[in-house]
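Undergrad: Pasting in a structure now, in structure tokens, and then I'll have a few things to ask.
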Amino acid sequence: MNADQIAEAVPLEPLQHWLGDTLDGVGSLAITHLSGGSSNLTFRVRDGHHDWVLRRPPMGPLLATANDMGREFRVQQALRESSVPVARTVALCNDPSIIGHPFYLMEFVAGTVYSDAKAVTELNDAQQLAATDELIDVLAQLHGVDFNAVGLGDLGRPEGFLARQINRWTTQWSRSKQRELPVIDELARRLAASVPEQSDSTIVHGDYSFNNTMWSTQDPTQMVAVLDWEMSTLGDPLTDLGMVVSYWGDAGAIMWRGRSPQPHRVGAGFPDADHLIDRYERSSGRSVRDLDVHRTLAIFKLAIIIEGAYARIRATRPDDDTSRTAATVEELATLALELANASTIPSLRGA
């Protein structure tokens with residue numbers, strides 16, 4: 001983002017006034033862009049004494065229920081005394097008149113995001129394996145948090161979670177689709193017919209992966225924060241595992257195409273997806289039966305998320321070439337259907 005775009009996303013003067021009224025001892029602010037585009041935007045806000053991160057929704061139209069700042073803030077606030085590493089929250093603003101949308105502030109956490117292969121070049125084979133195990137162990141720890149005890153018992157409705165997820169994402173497709181894709185309709189039909197019994201309910205992150213976590217600069221195998229809680233809820237924990245495993249496979253390769261590879265695709269120390277599944281079973285004590293449904297649902301969701309980004313690009317930057325984004329949606333949908341066709345679950349195969 002250039003200076004004008006930052007100023008549009010986070011108007012300095014109203015933010016300065018709001019912080020002055022909300023917090024004591026706030027000096028003159030400097031704002032820089034950290035990350036985000038079609039997803040939530042992240043900015044670093046400093047005044048010489050404080051070092052914060054500001055999160056706000058993306059520019060342009062938003063999908064229903066997406067980009068909930070209050071949810072991100074609340075979950076991180078609830079988890080700060082748990083074994084799950086999160087940034088400490090500072091303040092939440094639900095008044096859209098301040099900068100144009102609700103936003104929140106949290107403390108800046110120094111560390112490295114393993115967003116691509118370049119970020120893990122200094123890790124040796126043993127550290128690569130240890131970081132992978134830490135990724136899965138922290139996920140198991142999240143799923144082990146007593147959500148009632150930390151005040152998140154009303155974060156979602158665990159009963160019927162998977163059926164609602166399938167319905168929700170099918171509805172999101174109807175709202176954001178830019179053209180008809182019969183493969184998406186077929187996936188929605190098969191997933192709706194393949195909902196397994198839900199044996200457990202936990203806090204679910206919703207988009208858990210290496211690139212949504214931050215790691216210590218002193219010990220690269222130690223996670224210091226789980227990031228991007230915008231899709232968190234209460235539900236079936238295997239949806240998170242299904243997403244991690246999907247990112248680990250061909251879906252991740254498709255989404256990272258044209259840029260530096262994902263971190264786990266370089267180095268002999270990063271294990272295969274079967275290791276992740278086995279590690280999760282041992283760390284969490286949960287069975288991973290019916291994981292094919294969760295993996296198919298994960299890729300189905302990714303396709304629809306990318307379609308939402310595609311729709312926003314077309315709405316806000318109509319002169320951009322969006323053919324590659326459109327093709328990514330189609331490839332992800334085809335991959336999900338191939339996975340469904342190869343499943344041992346008859347209804348997922350369309351039988």
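Chain labels A, B, ... are given in the sequence in which chains occur in the structure tokens; within each chain residues are numbered consecutively from 1, and ligands are likewise numbered from 1 in the order shown.
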Excluding stretch 307-314 of chain A and any residue of its chain fewer than 2 positions from it, enumerate the residues within 10 Å of it, using only C-alpha atoms, and give them as an NGL selection string.
TA: :A and (37-39 or 58-63 or 172-173 or 175-179 or 301-305 or 316-330)
Undergrad: Measuring atom to atom with only C-alpha atoms, identify which of A:Val195, A:Leu238, A:Ala110, A:Met231 is nearest to A:Phe73.
TA: A:Met231
Undergrad: Which distance in Å separates atom CA of A:Gln262 and atom CA of A:Ala117, to one decimal?
TA: 5.3 Å
Undergrad: For A:Tyr114, which of A:Trp52, A:Trp256, A:Trp215, A:Trp229 is the closest residue, counting only C-alpha atoms?
TA: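 So, comparing all the options, the nearest one is A:Trp215.
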Undergrad: Return as JSON lines the residues of stretch 132-152 of chain A lying at most 12 Å from stretch 205-211 of chain A, together with the closest atom-to-atom pair for each and the distance in Å to one decimal, counting only C-alpha atoms, with rows in chain order and ascending residue number.
TA:
```
{"residue": "A:Thr132", "atom": "CA", "partner": "A:Phe210", "partner_atom": "CA", "distance": 8.5}
{"residue": "A:Asp133", "atom": "CA", "partner": "A:Phe210", "partner_atom": "CA", "distance": 11.3}
{"residue": "A:Glu134", "atom": "CA", "partner": "A:Phe210", "partner_atom": "CA", "distance": 10.3}
{"residue": "A:Leu135", "atom": "CA", "partner": "A:Phe210", "partner_atom": "CA", "distance": 7.1}
{"residue": "A:Ile136", "atom": "CA", "partner": "A:Ser209", "partner_atom": "CA", "distance": 9.2}
{"residue": "A:Val138", "atom": "CA", "partner": "A:Tyr208", "partner_atom": "CA", "distance": 10.3}
{"residue": "A:Leu139", "atom": "CA", "partner": "A:Tyr208", "partner_atom": "CA", "distance": 8.0}
{"residue": "A:Ala140", "atom": "CA", "partner": "A:His205", "partner_atom": "CA", "distance": 11.2}
{"residue": "A:Gln141", "atom": "CA", "partner": "A:His205", "partner_atom": "CA", "distance": 11.7}
{"residue": "A:Leu142", "atom": "CA", "partner": "A:His205", "partner_atom": "CA", "distance": 8.3}
{"residue": "A:His143", "atom": "CA", "partner": "A:His205", "partner_atom": "CA", "distance": 9.1}
```
Undergrad: What separation in Å, quoted to one decimal, exists between atom CA of A:Leu227 and atom CA of A:Ile299?
TA: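 Interatomic distance here is 20.4 Å.
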Undergrad: Could you tell me which of A:Arg190, A:Arg88, A:Arg295, A:His33 comes closest to A:Val75 if we count only C-alpha atoms?
TA: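 Ranked by minimum distance to A:Val75, first place goes to A:Arg88.
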Undergrad: Which neighbours of A:Lys118 fall inside 10 Å, counting only C-alpha atoms, when residues of the same chain fewer than 3 positions from it are skipped, and could you give them as JSON, numbers by chain?
TA: {"A": [114, 115, 121, 122, 260, 261, 262, 263, 266]}
Undergrad: Please determine, counting only C-alpha atoms, which residue among A:Val288, A:Ala78, A:Leu29, A:Ala192 has the shortest atom-to-atom distance to A:Val150.
TA: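 Using only C-alpha atoms, the shortest distance to A:Val150 belongs to A:Ala78.
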Undergrad: Just how far from atom CA of A:Thr239 is atom CA of A:Glu159, in Å to one decimal?
TA: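 Computing it gives 14.2 Å between the two atoms.
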Undergrad: Measuring between only C-alpha atoms, which one of A:Gln16, A:Thr334, A:Ser232, A:Ser194 shows the shortest distance to A:Ile254?
TA: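 Among A:Gln16, A:Thr334, A:Ser232, A:Ser194, it is A:Thr334 that comes nearest to A:Ile254.
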Undergrad: With a distance cut-off of 12 Å and only C-alpha atoms, select the neighbouring residues of A:Pro220, excluding the residue or stretch itself and same-chain residues fewer than 4 positions from it, and output the selection as a PyMOL selection string.
TA: chain A and resi 111-114+119-132+134-135+213-216+224
Undergrad: So, counting only C-alpha atoms, which residue among A:Pro182, A:Pro85, A:Gly70, A:Pro14 is closest to A:Ile98?
TA: A:Pro14
Undergrad: Would you mind listing what lies within 8 Å of A:Ile166 as a PyMOL selection string, with only C-alpha atoms counted and same-chain residues fewer than 4 positions away left out?
TA: chain A and resi 162+170+188+191-192+297
Undergrad: Please save N, CA and C atoms of the selected residues as a PDB file, in the first residue's frame.
TA:
```pdb
ATOM      1  N   LEU A 162     -21.226 -28.914  11.022  1.00  0.00           N
ATOM      2  CA  LEU A 162     -20.792 -29.217   9.652  1.00  0.00           C
ATOM      3  C   LEU A 162     -21.902 -28.949   8.639  1.00  0.00           C
ATOM      4  N   THR A 170     -22.135 -22.732   0.727  1.00  0.00           N
ATOM      5  CA  THR A 170     -22.941 -22.814  -0.492  1.00  0.00           C
ATOM      6  C   THR A 170     -23.663 -21.486  -0.720  1.00  0.00           C
ATOM      7  N   ALA A 188     -21.271 -29.264  -3.384  1.00  0.00           N
ATOM      8  CA  ALA A 188     -22.218 -28.882  -2.332  1.00  0.00           C
ATOM      9  C   ALA A 188     -23.226 -30.003  -2.089  1.00  0.00           C
ATOM     10  N   LEU A 191     -21.325 -33.024  -0.336  1.00  0.00           N
ATOM     11  CA  LEU A 191     -20.973 -32.709   1.043  1.00  0.00           C
ATOM     12  C   LEU A 191     -22.206 -32.727   1.937  1.00  0.00           C
ATOM     13  N   ALA A 192     -23.302 -32.163   1.456  1.00  0.00           N
ATOM     14  CA  ALA A 192     -24.533 -32.142   2.245  1.00  0.00           C
ATOM     15  C   ALA A 192     -25.032 -33.551   2.544  1.00  0.00           C
ATOM     16  N   LEU A 297     -14.316 -30.456   2.215  1.00  0.00           N
ATOM     17  CA  LEU A 297     -14.940 -29.196   2.624  1.00  0.00           C
ATOM     18  C   LEU A 297     -13.919 -28.065   2.664  1.00  0.00           C
TER      19      LEU A 297
END
```
Undergrad: Please give the complete set of residues from stretch 160-230 of chain A that DSSP, run on the backbone, assigns to strand (DSSP E or B), formatted as number ranges by chain.
TA: A: 202-204, 213-215, 223-226
Undergrad: Once you have the residues from the selection above, write them out as a PDB file, in the first residue's frame, restricted to C-alpha atoms.
TA:
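Heads up, here's the output in again-v9.pdb:
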```pdb
ATOM      1  CA  THR A 202     -14.059 -27.240  20.337  1.00  0.00           C
ATOM      2  CA  ILE A 203     -12.844 -23.766  19.475  1.00  0.00           C
ATOM      3  CA  VAL A 204     -12.117 -23.877  15.741  1.00  0.00           C
ATOM      4  CA  THR A 213       1.236 -18.310  12.846  1.00  0.00           C
ATOM      5  CA  MET A 214       4.274 -16.400  14.123  1.00  0.00           C
ATOM      6  CA  TRP A 215       7.540 -17.936  15.304  1.00  0.00           C
ATOM      7  CA  MET A 223       5.437 -20.559  18.065  1.00  0.00           C
ATOM      8  CA  VAL A 224       4.799 -17.145  19.665  1.00  0.00           C
ATOM      9  CA  ALA A 225       1.346 -16.315  18.260  1.00  0.00           C
ATOM     10  CA  VAL A 226      -1.564 -17.740  16.309  1.00  0.00           C
TER      11      VAL A 226
END
```
Undergrad: Find the residues around A:His17 up to 12 Å (only C-alpha atoms counted), leave out those fewer than 5 positions away in its own chain, and share them as a PyMOL selection string.
TA: chain A and resi 11-12+22-24+26-29+98-99
Undergrad: Distance table requested - stretch 84-161 of chain A against stretch 40-47 of chain A, cut-off 10 Å, only C-alpha atoms: one row per qualifying residue with the closest atom pair and its distance in Å to one decimal, ordered by chain and rising residue number, as a Markdown table.
TA:
```
| residue | atom | partner | partner_atom | distance |
| --- | --- | --- | --- | --- |
| A:Phe103 | CA | A:Leu41 | CA | 9.7 |
| A:Leu105 | CA | A:Val45 | CA | 8.7 |
| A:Met106 | CA | A:Arg44 | CA | 9.7 |
| A:Glu107 | CA | A:Arg44 | CA | 9.5 |
| A:Phe108 | CA | A:Arg44 | CA | 7.6 |
```
Undergrad: Keeping only C-alpha atoms, write those residues as a short mmCIF file (atom, residue, chain, number, x, y, z; two decimals), in the first residue's frame.
TA:
```
data_model
loop_
_atom_site.label_atom_id
_atom_site.label_comp_id
_atom_site.auth_asym_id
_atom_site.auth_seq_id
_atom_site.Cartn_x
_atom_site.Cartn_y
_atom_site.Cartn_z
CA PHE A 103 -11.24 -2.26 14.08
CA LEU A 105 -5.64 -2.99 18.38
CA MET A 106 -3.33 -5.62 19.84
CA GLU A 107 0.25 -5.54 21.00
CA PHE A 108 2.90 -6.00 18.34
#
```
Undergrad: Looking only at alpha helix (DSSP H) from DSSP on the backbone, list the matching residues of stretch 195-242 of chain A as a PyMOL selection string.
TA: chain A and resi 238-242
Undergrad: Take the residues from that selection and put them in a file with N, CA and C atoms, as an mmCIF file, in the first residue's frame.
TA:
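Final output, saved to out.cif:
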```
data_model
loop_
_atom_site.group_PDB
_atom_site.id
_atom_site.type_symbol
_atom_site.label_atom_id
_atom_site.label_comp_id
_atom_site.auth_asym_id
_atom_site.auth_seq_id
_atom_site.Cartn_x
_atom_site.Cartn_y
_atom_site.Cartn_z
ATOM 1 N N LEU A 238 -12.021 -31.298 13.545
ATOM 2 C CA LEU A 238 -11.395 -31.884 12.365
ATOM 3 C C LEU A 238 -11.474 -30.970 11.152
ATOM 4 N N THR A 239 -12.319 -29.928 11.209
ATOM 5 C CA THR A 239 -12.310 -28.977 10.094
ATOM 6 C C THR A 239 -10.979 -28.239 10.036
ATOM 7 N N ASP A 240 -10.380 -27.953 11.196
ATOM 8 C CA ASP A 240 -9.059 -27.314 11.214
ATOM 9 C C ASP A 240 -7.989 -28.253 10.671
ATOM 10 N N LEU A 241 -8.018 -29.512 11.103
ATOM 11 C CA LEU A 241 -7.037 -30.470 10.606
ATOM 12 C C LEU A 241 -7.203 -30.665 9.105
ATOM 13 N N GLY A 242 -8.438 -30.741 8.641
ATOM 14 C CA GLY A 242 -8.679 -30.878 7.208
ATOM 15 C C GLY A 242 -8.098 -29.724 6.419
#
```
